[in-house]
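A.B. asks: Sharing work-v9.cif, mmCIF, C-alpha atoms and all ligand atoms:
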data_upload
loop_
_atom_site.label_atom_id
_atom_site.label_comp_id
_atom_site.auth_asym_id
_atom_site.auth_seq_id
_atom_site.Cartn_x
_atom_site.Cartn_y
_atom_site.Cartn_z
CA MET J 1 51.62 -4.82 -1.42
CA ALA J 2 49.76 -5.60 1.82
CA LYS J 3 49.97 -1.93 2.76
CA ARG J 4 48.49 -0.91 -0.58
CA LEU J 5 45.65 -3.37 -0.20
CA ALA J 6 44.92 -2.13 3.33
CA GLY J 7 44.91 1.45 2.05
CA PHE J 8 42.52 0.51 -0.73
CA ILE J 9 40.15 -1.23 1.69
CA ILE J 10 40.21 1.77 4.05
CA LEU J 11 39.42 4.06 1.09
CA ILE J 12 36.44 1.91 0.07
CA ILE J 13 35.10 1.88 3.63
CA ALA J 14 35.57 5.64 3.94
CA LEU J 15 33.75 6.22 0.64
CA PHE J 16 30.92 3.98 1.78
CA PHE J 17 30.45 5.96 5.00
CA LEU J 18 30.68 9.20 3.06
CA PHE J 19 27.97 7.94 0.68
CA VAL J 20 25.70 6.99 3.60
CA ALA J 21 26.34 10.34 5.31
CA VAL J 22 25.41 12.23 2.12
CA LEU J 23 22.19 10.21 1.83
CA LEU J 24 21.28 10.92 5.45
CA LEU J 25 21.96 14.62 4.96
CA LEU J 26 19.80 14.75 1.84
CA ASN J 27 16.78 13.27 3.61
CA PRO J 28 17.24 13.81 7.36
CA SER J 29 15.05 11.55 9.43
CA GLY J 30 13.97 14.27 11.90
CA LYS J 31 12.27 16.26 9.18
CA ARG J 32 10.66 13.14 7.70
CA LYS J 33 9.30 12.06 11.08
CA GLU J 34 7.74 15.47 11.56
CA ILE J 35 6.08 15.40 8.13
CA CYS J 36 4.53 12.00 8.87
CA ARG J 37 3.51 13.01 12.38
CA ASN J 38 1.70 16.07 11.03
CA HIS J 39 -0.53 13.74 9.03
CA GLY J 40 -0.98 11.23 11.87
CA ILE J 41 0.92 8.65 9.83
CA PRO J 42 3.47 6.27 11.39
CA PHE J 43 7.05 6.99 10.36
CA GLY J 44 8.33 3.75 8.91
CA ALA J 45 4.83 2.79 7.80
CA VAL J 46 4.19 -0.87 7.00
CA ILE J 47 1.48 -0.97 4.33
CA ALA J 48 0.20 -4.47 3.59
CA HIS J 49 -0.11 -4.45 -0.20
CA ARG J 50 -3.42 -6.13 -1.12
CA GLY J 51 -3.15 -7.60 2.41
CA ALA J 52 -0.30 -9.96 3.28
CA SER J 53 -0.57 -11.06 -0.33
CA TYR J 54 2.68 -13.00 -0.42
CA TYR J 55 1.09 -15.57 1.88
CA ALA J 56 -2.59 -15.62 0.93
CA PRO J 57 -4.80 -14.72 -2.06
CA GLU J 58 -4.62 -10.95 -2.63
CA GLU J 59 -7.42 -8.68 -1.34
CA THR J 60 -9.27 -11.54 0.36
CA GLU J 61 -10.17 -12.16 4.00
CA PRO J 62 -7.16 -14.34 4.92
CA ALA J 63 -4.71 -11.84 3.37
CA TYR J 64 -6.22 -8.95 5.34
CA LEU J 65 -6.60 -10.90 8.60
CA LEU J 66 -2.96 -11.95 8.35
CA ALA J 67 -1.78 -8.38 7.80
CA ARG J 68 -3.97 -7.04 10.59
CA ASP J 69 -2.97 -9.63 13.16
CA MET J 70 0.75 -9.41 12.33
CA GLY J 71 0.52 -5.72 13.21
CA ALA J 72 0.78 -3.93 9.84
CA ASP J 73 0.00 -0.21 10.03
CA TYR J 74 -2.26 -0.23 6.96
CA LEU J 75 -4.28 -2.65 4.86
CA GLU J 76 -3.90 -1.59 1.24
CA VAL J 77 -6.93 -2.08 -0.99
CA ASP J 78 -7.68 -1.40 -4.66
CA VAL J 79 -11.25 -0.24 -5.07
CA GLN J 80 -13.55 -0.66 -8.07
CA ARG J 81 -17.33 -0.84 -8.44
CA THR J 82 -19.82 -3.49 -9.51
CA LYS J 83 -22.72 -2.95 -11.93
CA ASP J 84 -25.08 -2.43 -8.99
CA GLY J 85 -22.85 0.11 -7.28
CA VAL J 86 -20.99 -1.92 -4.64
CA LEU J 87 -17.39 -0.87 -3.95
CA VAL J 88 -15.21 -3.98 -4.04
CA ALA J 89 -11.58 -4.92 -3.42
CA LEU J 90 -10.06 -5.90 -6.76
CA HIS J 91 -6.82 -4.99 -8.48
CA ASP J 92 -7.31 -5.98 -12.13
CA ASP J 93 -10.00 -4.52 -14.40
CA THR J 94 -11.26 -8.05 -15.03
CA LEU J 95 -11.85 -11.11 -12.87
CA GLU J 96 -9.85 -13.41 -15.09
CA ARG J 97 -6.53 -13.68 -13.24
CA THR J 98 -7.75 -14.04 -9.67
CA THR J 99 -11.05 -15.92 -9.95
CA ASN J 100 -12.72 -18.85 -11.70
CA VAL J 101 -14.93 -16.49 -13.76
CA ALA J 102 -14.15 -18.48 -16.92
CA SER J 103 -15.90 -21.55 -15.56
CA VAL J 104 -18.75 -19.80 -13.70
CA PHE J 105 -19.55 -17.27 -16.43
CA PRO J 106 -18.05 -18.68 -19.66
CA GLY J 107 -17.43 -15.99 -22.26
CA ARG J 108 -17.41 -13.16 -19.70
CA GLU J 109 -13.87 -13.61 -18.43
CA LYS J 110 -12.58 -10.58 -20.36
CA ASP J 111 -15.46 -8.37 -19.24
CA PRO J 112 -14.67 -5.64 -16.72
CA ILE J 113 -15.87 -5.79 -13.12
CA GLU J 114 -18.49 -3.09 -13.71
CA THR J 115 -20.48 -5.48 -15.91
CA PHE J 116 -21.01 -7.90 -13.00
CA THR J 117 -23.43 -7.48 -10.10
CA PHE J 118 -22.15 -8.00 -6.58
CA ALA J 119 -24.22 -11.18 -6.30
CA GLU J 120 -22.49 -12.51 -9.40
CA VAL J 121 -19.06 -11.54 -8.09
CA ARG J 122 -19.81 -13.39 -4.85
CA ARG J 123 -20.34 -16.62 -6.74
CA LEU J 124 -16.67 -16.63 -7.72
CA ASP J 125 -13.77 -18.46 -6.08
CA ALA J 126 -10.99 -15.92 -5.49
CA GLY J 127 -8.55 -18.31 -3.83
CA SER J 128 -7.95 -21.41 -5.94
CA TRP J 129 -5.77 -19.53 -8.45
CA PHE J 130 -3.35 -18.82 -5.57
CA ASN J 131 -3.17 -22.49 -4.57
CA ALA J 132 -2.52 -23.48 -8.18
CA LYS J 133 0.13 -20.81 -8.74
CA TYR J 134 1.91 -21.20 -5.39
CA PRO J 135 1.58 -24.87 -4.36
CA HIS J 136 4.14 -24.42 -1.57
CA LYS J 137 1.92 -21.76 0.04
CA ALA J 138 -1.42 -23.40 -0.79
CA ARG J 139 -3.97 -24.16 1.91
CA PRO J 140 -7.18 -26.11 1.24
CA LYS J 141 -9.27 -23.39 2.94
CA PHE J 142 -8.06 -20.73 0.51
CA ALA J 143 -10.15 -22.44 -2.16
CA GLY J 144 -13.52 -20.70 -2.37
CA VAL J 145 -12.62 -17.45 -0.59
CA LYS J 146 -14.68 -14.53 -1.86
CA ILE J 147 -14.02 -11.11 -3.31
CA LEU J 148 -14.68 -8.61 -0.52
CA SER J 149 -16.66 -5.41 -0.50
CA LEU J 150 -14.72 -2.37 0.73
CA GLU J 151 -17.09 -2.26 3.68
CA GLU J 152 -15.93 -5.74 4.67
CA VAL J 153 -12.28 -4.72 4.46
CA LEU J 154 -13.02 -1.73 6.71
CA ARG J 155 -14.76 -4.07 9.15
CA ILE J 156 -11.69 -6.35 9.24
CA ALA J 157 -9.53 -3.30 9.99
CA LYS J 158 -11.79 -2.38 12.91
CA GLY J 159 -11.63 -5.88 14.39
CA GLY J 160 -8.70 -7.49 16.23
CA VAL J 161 -6.26 -5.80 18.56
CA HIS J 162 -4.06 -3.69 16.29
CA LYS J 163 -6.65 -1.54 14.47
CA PRO J 164 -4.67 -0.86 11.30
CA GLY J 165 -5.54 1.96 8.97
CA VAL J 166 -6.86 1.42 5.46
CA TYR J 167 -4.94 2.72 2.46
CA ILE J 168 -7.47 3.01 -0.35
CA GLU J 169 -6.54 3.21 -4.03
CA ILE J 170 -9.15 4.20 -6.58
CA LYS J 171 -8.39 2.08 -9.62
CA SER J 172 -9.24 3.50 -13.08
CA PRO J 173 -11.36 6.35 -11.64
CA LYS J 174 -12.54 7.45 -15.10
CA ARG J 175 -14.43 4.17 -15.42
CA PHE J 176 -16.43 4.88 -12.29
CA PRO J 177 -18.19 8.27 -12.30
CA ASN J 178 -18.57 9.88 -8.84
CA ILE J 179 -16.69 7.05 -7.14
CA VAL J 180 -14.69 9.41 -4.92
CA GLN J 181 -17.83 11.06 -3.59
CA GLN J 182 -19.39 7.63 -3.02
CA LEU J 183 -16.29 6.47 -1.16
CA VAL J 184 -16.10 9.54 1.05
CA ASN J 185 -19.82 9.26 1.86
CA MET J 186 -19.25 5.66 2.90
CA LEU J 187 -16.27 6.54 5.09
CA GLU J 188 -18.32 9.26 6.77
CA ARG J 189 -21.29 6.96 7.29
CA LEU J 190 -19.06 4.33 8.89
CA GLY J 191 -17.30 6.82 11.16
CA TRP J 192 -13.88 6.72 9.53
CA THR J 193 -13.48 10.45 9.00
CA ILE J 194 -14.18 11.79 12.48
CA GLY J 195 -11.27 13.12 14.58
CA GLY J 196 -9.78 10.64 17.03
CA ASP J 197 -6.85 9.58 19.15
CA GLU J 198 -3.25 8.78 18.38
CA THR J 199 -0.13 8.13 20.42
CA HIS J 200 3.38 9.33 19.72
CA THR J 201 6.04 6.93 20.97
CA ALA J 202 9.64 7.67 21.87
CA ASN J 203 11.02 6.25 18.62
CA GLY J 204 8.77 8.47 16.53
CA ILE J 205 6.25 5.80 15.50
CA VAL J 206 2.70 7.00 15.74
CA ARG J 207 0.24 4.32 16.75
CA VAL J 208 -2.74 5.18 14.66
CA GLY J 209 -5.88 5.86 16.60
CA THR J 210 -9.40 6.07 15.32
CA SER J 211 -9.09 8.52 12.49
CA ARG J 212 -6.44 11.12 11.58
CA GLY J 213 -4.10 9.34 9.22
CA ARG J 214 -5.94 6.08 9.65
CA ILE J 215 -7.35 6.41 6.16
CA ILE J 216 -5.06 7.36 3.29
CA LEU J 217 -6.44 7.83 -0.22
CA GLN J 218 -4.25 7.11 -3.25
CA SER J 219 -4.41 7.26 -7.03
CA PHE J 220 -2.21 7.30 -10.12
CA ASP J 221 -4.65 9.80 -11.66
CA PRO J 222 -4.02 13.44 -10.64
CA ASP J 223 -7.64 14.37 -11.42
CA CYS J 224 -8.72 11.73 -8.92
CA VAL J 225 -6.29 13.07 -6.31
CA ALA J 226 -7.81 16.51 -6.93
CA GLU J 227 -11.21 15.00 -6.14
CA PHE J 228 -9.79 13.69 -2.85
CA VAL J 229 -8.86 17.29 -2.06
CA HIS J 230 -12.35 18.46 -2.97
CA PHE J 231 -14.41 15.85 -1.15
CA ALA J 232 -12.14 14.98 1.77
CA PRO J 233 -9.50 17.66 2.31
CA GLN J 234 -8.82 16.40 5.83
CA ILE J 235 -7.81 12.87 4.73
CA PRO J 236 -4.13 12.39 3.76
CA ARG J 237 -3.71 11.51 0.10
CA VAL J 238 -1.00 10.06 -2.07
CA TYR J 239 -0.15 10.63 -5.70
CA LEU J 240 1.22 7.37 -7.16
CA TYR J 241 3.71 7.27 -10.02
CA GLY J 242 5.95 4.75 -11.72
CA SER J 243 8.91 4.98 -14.07
CA ASP J 244 6.59 5.25 -17.12
CA ASP J 245 4.94 8.33 -15.61
CA VAL J 246 8.31 9.95 -14.97
CA GLU J 247 9.32 9.21 -18.56
CA THR J 248 6.16 10.58 -20.14
CA MET J 249 5.40 13.52 -17.84
CA GLY J 250 8.85 14.42 -16.57
CA TRP J 251 9.82 14.64 -12.91
CA LYS J 252 9.12 18.37 -12.61
CA ALA J 253 5.49 17.92 -13.64
CA ILE J 254 5.07 15.06 -11.18
CA ILE J 255 6.53 16.80 -8.16
CA ASN J 256 4.66 20.00 -9.04
CA THR J 257 1.41 18.03 -9.19
CA ALA J 258 2.10 16.45 -5.80
CA ARG J 259 2.90 19.90 -4.38
CA ARG J 260 -0.20 21.51 -5.88
CA LEU J 261 -2.41 18.78 -4.42
CA SER J 262 -0.47 18.54 -1.12
CA ALA J 263 -0.31 14.83 -1.79
CA GLY J 264 2.27 12.45 -0.37
CA CYS J 265 4.44 10.77 -2.99
CA GLY J 266 3.93 7.12 -3.94
CA PRO J 267 6.77 6.14 -6.26
CA SER J 268 7.61 2.66 -7.46
CA GLY J 269 10.91 1.38 -6.09
CA TYR J 270 13.03 2.40 -9.08
CA VAL J 271 11.76 5.96 -8.97
CA ALA J 272 12.41 6.61 -5.29
CA THR J 273 15.85 8.17 -5.77
CA PRO J 274 17.47 10.31 -3.07
CA PHE J 275 17.11 13.59 -4.96
CA LYS J 276 13.50 12.98 -5.94
CA ASN J 277 12.71 12.08 -2.33
CA LYS J 278 14.49 15.24 -1.21
CA ASN J 279 12.25 17.30 -3.53
CA ALA J 280 9.22 15.67 -1.87
CA HIS J 281 10.49 16.25 1.68
CA ASP J 282 11.46 19.85 0.89
CA ALA J 283 7.80 20.32 -0.09
CA ARG J 284 6.83 18.70 3.25
CA LEU J 285 5.40 15.64 1.50
CA PHE J 286 5.94 12.10 2.80
CA VAL J 287 7.15 9.27 0.54
CA HIS J 288 5.66 5.75 0.55
CA VAL J 289 7.32 3.40 -1.92
CA TYR J 290 5.70 0.41 -3.65
CA THR J 291 6.08 -2.62 -3.74
CA ILE J 292 9.08 -3.78 -1.73
CA ASN J 293 9.37 -7.42 -0.72
CA LYS J 294 13.08 -7.80 -0.02
CA ARG J 295 14.84 -6.56 3.07
CA TRP J 296 17.94 -5.29 1.23
CA GLN J 297 15.69 -3.19 -1.02
CA ALA J 298 13.94 -1.74 2.02
CA GLN J 299 17.33 -0.97 3.56
CA LEU J 300 18.62 0.81 0.47
CA ILE J 301 15.45 2.76 -0.32
CA SER J 302 15.10 3.76 3.34
CA LEU J 303 18.54 5.34 3.10
CA PHE J 304 17.26 7.05 -0.03
CA GLY J 305 14.49 8.62 2.08
CA ALA J 306 11.43 6.35 1.99
CA ASP J 307 9.08 6.99 4.92
CA GLY J 308 7.24 3.69 4.55
CA PHE J 309 6.67 0.80 2.18
CA PHE J 310 3.90 -1.05 0.45
CA THR J 311 4.81 -4.70 0.84
CA ASP J 312 3.31 -8.14 0.23
CA ARG J 313 5.35 -9.31 3.23
CA PRO J 314 4.39 -7.13 6.20
CA ASP J 315 6.12 -9.52 8.64
CA MET J 316 9.45 -8.91 6.89
CA MET J 317 8.88 -5.15 6.86
CA LEU J 318 7.89 -5.03 10.53
CA GLU J 319 11.13 -6.81 11.37
CA PHE J 320 13.06 -4.46 9.11
CA TYR J 321 11.74 -1.56 11.19
CA GLY J 322 12.70 -3.36 14.40
CA ARG J 323 9.14 -4.31 15.28
CA ILE J 324 8.10 -7.83 16.12
CA PRO J 325 5.17 -9.36 14.21
CA SER J 326 2.51 -10.16 16.79
CA ASP J 327 2.02 -13.74 15.70
CA THR J 328 3.18 -16.29 13.14
CA ILE J 329 1.52 -16.80 9.78
CA GLU J 330 0.59 -20.34 10.75
CA ASN J 331 -1.02 -19.30 14.04
CA ILE J 332 -3.00 -16.44 12.53
CA LEU J 333 -4.35 -18.46 9.62
CA THR J 334 -5.20 -21.42 11.84
CA LYS J 335 -6.92 -19.19 14.41
CA HIS J 336 -9.19 -17.80 11.68
CA GLY J 337 -10.04 -21.22 10.26
CA TYR J 338 -7.68 -21.21 7.29
O1 LIG J 401 -1.07 1.34 -4.49
C1 LIG J 401 0.32 1.21 -4.50
C2 LIG J 401 0.60 0.09 -5.41
O2 LIG J 401 -0.29 -0.91 -5.03
C3 LIG J 401 0.34 0.48 -6.84
O3 LIG J 401 0.44 -0.60 -7.65
O4 LIG J 401 -0.67 -1.97 -9.29
O5 LIG J 401 -0.20 -2.88 -7.05
O6 LIG J 401 -1.99 -1.21 -7.36
P1 LIG J 401 -0.67 -1.71 -7.84
CA CA J 402 -2.71 -0.51 -5.18
#
Could you rewrite the structure in this file as structure tokens?
Ligand code: G3P
Ligand code: CA
C.D. replies:
Amino acid sequence: MAKRLAGFIILIIALFFLFVAVLLLLNPSGKRKEICRNHGIPFGAVIAHRGASYYAPEETEPAYLLARDMGADYLEVDVQRTKDGVLVALHDDTLERTTNVASVFPGREKDPIETFTFAEVRRLDAGSWFNAKYPHKARPKFAGVKILSLEEVLRIAKGGVHKPGVYIEIKSPKRFPNIVQQLVNMLERLGWTIGGDETHTANGIVRVGTSRGRIILQSFDPDCVAEFVHFAPQIPRVYLYGSDDVETMGWKAIINTARRLSAGCGPSGYVATPFKNKNAHDARLFVHVYTINKRWQAQLISLFGADGFFTDRPDMMLEFYGRIPSDTIENILTKHGY
């Protein structure tokens, strides 16, 4: 009986190692590192999703300062536009979930961001909702934080020691005519699209320098990704897709679109399967998976071939990749007056 049990355990262990070996053969890390390196993108990229948004109100100054000073590779930002043409960091179409718009502008809480001027948007408190929803993470100074312009997010990325890149998603591009051209013009004006330095380290991580790979453009809309190609062919781009997209379009159409646009793949966690990732890598496209906040998920999806992760918890992801966050959450927030 004991012998049988031992045999069974050995079989399970052998199958496990066989499974891992097959996964590693499907998406070999050497090839993936090279693909990332060719774009100037760190292999094992830590992308702070809406900033370090697990710990501070999403897309606001404290969330981005936290991510930057922990040492995340990228600050992720969702971009939309106000009535008077200012590009701002906001995820939802409306201000209802993440601001006090209902009390400042009663009756306008369901109105989209493009019906508000930037001055109006700046009157809103974009932090108190976080304190109310997450009392255990609340901080008095989060109350009253403002919605940021994209220019301010870029300025945060340029400050500090780590100089993260900025990973810019155009939200609902059809609602904002010419937004890609406007964005690229801004990046050029602010010096974010000029060639610059980068360093390759022994473990394959590229420390992002001043430009190549320091900006990545992303969208769920293939027409928008095509505009990235048109207006900024030199900037790496990512085609995002979730399980709904795979269901409605079919995987072949998605991977063919990514190939046609030479766009990295941005699948949601459930969609990042080993064979799909292999299709991407065979087309020399990198794979950045959203939004992963648990270490075991990062472990599994890494084996499946993810080259980096969007995460609300960049400190966790840095540690997952064997990198040490530069400072604690408490220290960073306190240092910046939060
Ligand atoms: O941009 C990657 C990921 O952020 C897409 O999802 O809805 O959080 O913007 P969402
Ligand atoms: Ca996003």
A.B. asks: Here is a test: counting all atoms listed in the file, which residue of J:Ile179, J:Leu23, J:Ile35, J:Ala119 is nearest to Val79 of chain J?
C.D. replies: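 Closest residue, counting all atoms listed in the file: J:Ile179.
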A.B. asks: Pick out the residues no farther than 9 Å from ligand LIG 401 (chain J), counting only C-alpha atoms and all ligand atoms, and list them as a compact mmCIF listing (two decimals) with C-alpha atoms, in the coordinates of the input.
C.D. replies:
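Once everything was written out, this is part34.txt:
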# COMPACT_ATOMS: atom_id res chain seq x y z
CA HIS J 49 -0.11 -4.45 -0.20
CA ARG J 50 -3.42 -6.13 -1.12
CA GLU J 76 -3.90 -1.59 1.24
CA VAL J 77 -6.93 -2.08 -0.99
CA ASP J 78 -7.68 -1.40 -4.66
CA HIS J 91 -6.82 -4.99 -8.48
CA ASP J 92 -7.31 -5.98 -12.13
CA TYR J 167 -4.94 2.72 2.46
CA ILE J 168 -7.47 3.01 -0.35
CA GLU J 169 -6.54 3.21 -4.03
CA ILE J 170 -9.15 4.20 -6.58
CA LYS J 171 -8.39 2.08 -9.62
CA GLN J 218 -4.25 7.11 -3.25
CA SER J 219 -4.41 7.26 -7.03
CA PHE J 220 -2.21 7.30 -10.12
CA LEU J 240 1.22 7.37 -7.16
CA TYR J 241 3.71 7.27 -10.02
CA GLY J 242 5.95 4.75 -11.72
CA GLY J 266 3.93 7.12 -3.94
CA PRO J 267 6.77 6.14 -6.26
CA SER J 268 7.61 2.66 -7.46
CA HIS J 288 5.66 5.75 0.55
CA VAL J 289 7.32 3.40 -1.92
CA TYR J 290 5.70 0.41 -3.65
CA THR J 291 6.08 -2.62 -3.74
CA PHE J 310 3.90 -1.05 0.45
CA THR J 311 4.81 -4.70 0.84
A.B. asks: Given all atoms listed in the file as the basis, pick out the residue of J:Arg313, J:Lys278, J:Arg139, J:Lys335 nearest to Lys31 of chain J.
C.D. replies: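 Of all the options, J:Lys278 lies closest to Lys31 of chain J.
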A.B. asks: Given all atoms listed in the file as the basis, pick out the residue of J:Gln234, J:Glu34, J:Gly127, J:Phe309 nearest to ligand CA 402 (chain J).
C.D. replies: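 Between J:Gln234, J:Glu34, J:Gly127, J:Phe309, the residue approaching ligand CA 402 (chain J) most closely is J:Phe309.
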A.B. asks: Nearest to His281 of chain J among J:Arg214, J:Lys141, J:Arg259, J:Lys174, with distances taken over only C-alpha atoms: which residue is it?
C.D. replies: J:Arg259
A.B. asks: Mind giving me the straight-line distance from atom CA of His162 of chain J to atom CA of Phe231 of chain J in Å, one decimal?
C.D. replies: 28.2 Å
A.B. asks: Calculated over only C-alpha atoms and all ligand atoms, which of the candidates J:Ile301, J:Ala48, J:Ile41, J:Leu24 has the smallest distance to ligand CA 402 (chain J)?
C.D. replies: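 Using only C-alpha atoms and all ligand atoms, the shortest distance to ligand CA 402 (chain J) belongs to J:Ala48.
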A.B. asks: I need the residue nearest Leu285 of chain J from this list: J:Ala272, J:Leu148, J:Val180, J:Val238. Use all atoms listed in the file for the distance.
C.D. replies: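 That would be J:Val238, the residue with the smallest distance to Leu285 of chain J.
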A.B. asks: I'd like the interatomic distance between atom CA of Phe116 of chain J and atom CA of Ala157 of chain J, to a tenth of an Å.
C.D. replies: 26.1 Å
A.B. asks: Taking all atoms of segment 258-273 of chain J that the file lists, what box with edges along x, y and z, padded by 3 Å per side, do you get, with centre and edge lengths in Å to one decimal, as AutoDock Vina command-line options?
C.D. replies:
--center_x 6.7 --center_y 11.4 --center_z -4.7 --size_x 24.3 --size_y 26.1 --size_z 14.7
A.B. asks: Counting all atoms listed in the file, which residues come within 12 Å of (11.5, -3.4, 10.9), with the point read in the file's coordinates, and could you list them as a JSON list (two decimals) with C-alpha atoms, keeping the file's coordinate frame?
C.D. replies:
[["chain", "number", "residue", "atom", "x", "y", "z"],
["J", 43, "PHE", "CA", 7.05, 6.99, 10.36],
["J", 44, "GLY", "CA", 8.33, 3.75, 8.91],
["J", 45, "ALA", "CA", 4.83, 2.79, 7.80],
["J", 46, "VAL", "CA", 4.19, -0.87, 7.00],
["J", 71, "GLY", "CA", 0.52, -5.72, 13.21],
["J", 72, "ALA", "CA", 0.78, -3.93, 9.84],
["J", 73, "ASP", "CA", 0.00, -0.21, 10.03],
["J", 205, "ILE", "CA", 6.25, 5.80, 15.50],
["J", 294, "LYS", "CA", 13.08, -7.80, -0.02],
["J", 295, "ARG", "CA", 14.84, -6.56, 3.07],
["J", 296, "TRP", "CA", 17.94, -5.29, 1.23],
["J", 298, "ALA", "CA", 13.94, -1.74, 2.02],
["J", 299, "GLN", "CA", 17.33, -0.97, 3.56],
["J", 302, "SER", "CA", 15.10, 3.76, 3.34],
["J", 308, "GLY", "CA", 7.24, 3.69, 4.55],
["J", 309, "PHE", "CA", 6.67, 0.80, 2.18],
["J", 313, "ARG", "CA", 5.35, -9.31, 3.23],
["J", 314, "PRO", "CA", 4.39, -7.13, 6.20],
["J", 315, "ASP", "CA", 6.12, -9.52, 8.64],
["J", 316, "MET", "CA", 9.45, -8.91, 6.89],
["J", 317, "MET", "CA", 8.88, -5.15, 6.86],
["J", 318, "LEU", "CA", 7.89, -5.03, 10.53],
["J", 319, "GLU", "CA", 11.13, -6.81, 11.37],
["J", 320, "PHE", "CA", 13.06, -4.46, 9.11],
["J", 321, "TYR", "CA", 11.74, -1.56, 11.19],
["J", 322, "GLY", "CA", 12.70, -3.36, 14.40],
["J", 323, "ARG", "CA", 9.14, -4.31, 15.28],
["J", 324, "ILE", "CA", 8.10, -7.83, 16.12],
["J", 325, "PRO", "CA", 5.17, -9.36, 14.21]]
A.B. asks: Please indicate the distance in Å from atom CA of Ala226 of chain J to atom CA of Arg37 of chain J, rounded to one decimal place.
C.D. replies: 22.7 Å
A.B. asks: Write out as a JSON list (two decimals) with C-alpha atoms, in the coordinates of the input the residues lying within 12 Å of Ser103 of chain J, counting only C-alpha atoms and excluding same-chain residues fewer than 6 positions away.
C.D. replies:
[["chain", "number", "residue", "atom", "x", "y", "z"],
["J", 95, "LEU", "CA", -11.85, -11.11, -12.87],
["J", 96, "GLU", "CA", -9.85, -13.41, -15.09],
["J", 109, "GLU", "CA", -13.87, -13.61, -18.43],
["J", 123, "ARG", "CA", -20.34, -16.62, -6.74],
["J", 124, "LEU", "CA", -16.67, -16.63, -7.72],
["J", 125, "ASP", "CA", -13.77, -18.46, -6.08]]
A.B. asks: Excluding Lys146 of chain J and any residue of its chain fewer than 3 positions from it, enumerate the residues within 10 Å of it, using all atoms listed in the file, and give them as a list in words.
C.D. replies: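 Listed by chain and then number, they are Pro57, Glu59, Thr60, Glu61, Thr99, Val121, Arg122, Arg123, Leu124, Asp125, Ala126, Gly127, Phe142, Ala143 and Ser149 of chain J.
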A.B. asks: Write out as a ChimeraX atom specification each polymer residue whose atoms come within 10 Å of Leu190 of chain J, counting only C-alpha atoms; drop sequence neighbours fewer than 3 positions from it.
C.D. replies: /J:151,154-155,184-187,193-194
A.B. asks: Grab the residues selected above and save them as a PDB file, keeping the file's coordinate frame with C-alpha atoms.
C.D. replies:
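Output contents, as saved in out-v9.pdb:
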ATOM      1  CA  GLU J 151     -17.090  -2.260   3.680  1.00  0.00           C
ATOM      2  CA  LEU J 154     -13.020  -1.730   6.710  1.00  0.00           C
ATOM      3  CA  ARG J 155     -14.760  -4.070   9.150  1.00  0.00           C
ATOM      4  CA  VAL J 184     -16.100   9.540   1.050  1.00  0.00           C
ATOM      5  CA  ASN J 185     -19.820   9.260   1.860  1.00  0.00           C
ATOM      6  CA  MET J 186     -19.250   5.660   2.900  1.00  0.00           C
ATOM      7  CA  LEU J 187     -16.270   6.540   5.090  1.00  0.00           C
ATOM      8  CA  THR J 193     -13.480  10.450   9.000  1.00  0.00           C
ATOM      9  CA  ILE J 194     -14.180  11.790  12.480  1.00  0.00           C
TER      10      ILE J 194
END
A.B. asks: For Asp84 of chain J, list every protein, DNA or RNA residue within 9 Å, evaluated using all atoms listed in the file, and leave out those in the same chain fewer than 4 positions away; present the list as an mmCIF file with C-alpha atoms, keeping the file's coordinate frame.
C.D. replies:
data_model
loop_
_atom_site.group_PDB
_atom_site.id
_atom_site.type_symbol
_atom_site.label_atom_id
_atom_site.label_comp_id
_atom_site.auth_asym_id
_atom_site.auth_seq_id
_atom_site.Cartn_x
_atom_site.Cartn_y
_atom_site.Cartn_z
ATOM 1 C CA GLU J 114 -18.490 -3.090 -13.710
ATOM 2 C CA THR J 115 -20.480 -5.480 -15.910
ATOM 3 C CA PHE J 116 -21.010 -7.900 -13.000
ATOM 4 C CA THR J 117 -23.430 -7.480 -10.100
ATOM 5 C CA PHE J 118 -22.150 -8.000 -6.580
#
A.B. asks: Would you list the contacts of Arg237 of chain J as a ChimeraX atom specification, taking every protein, DNA or RNA residue within 9 Å and counting all atoms listed in the file, but skipping same-chain residues closer than 4 positions in sequence?
C.D. replies: /J:215-219,225,228-229,233,261-265
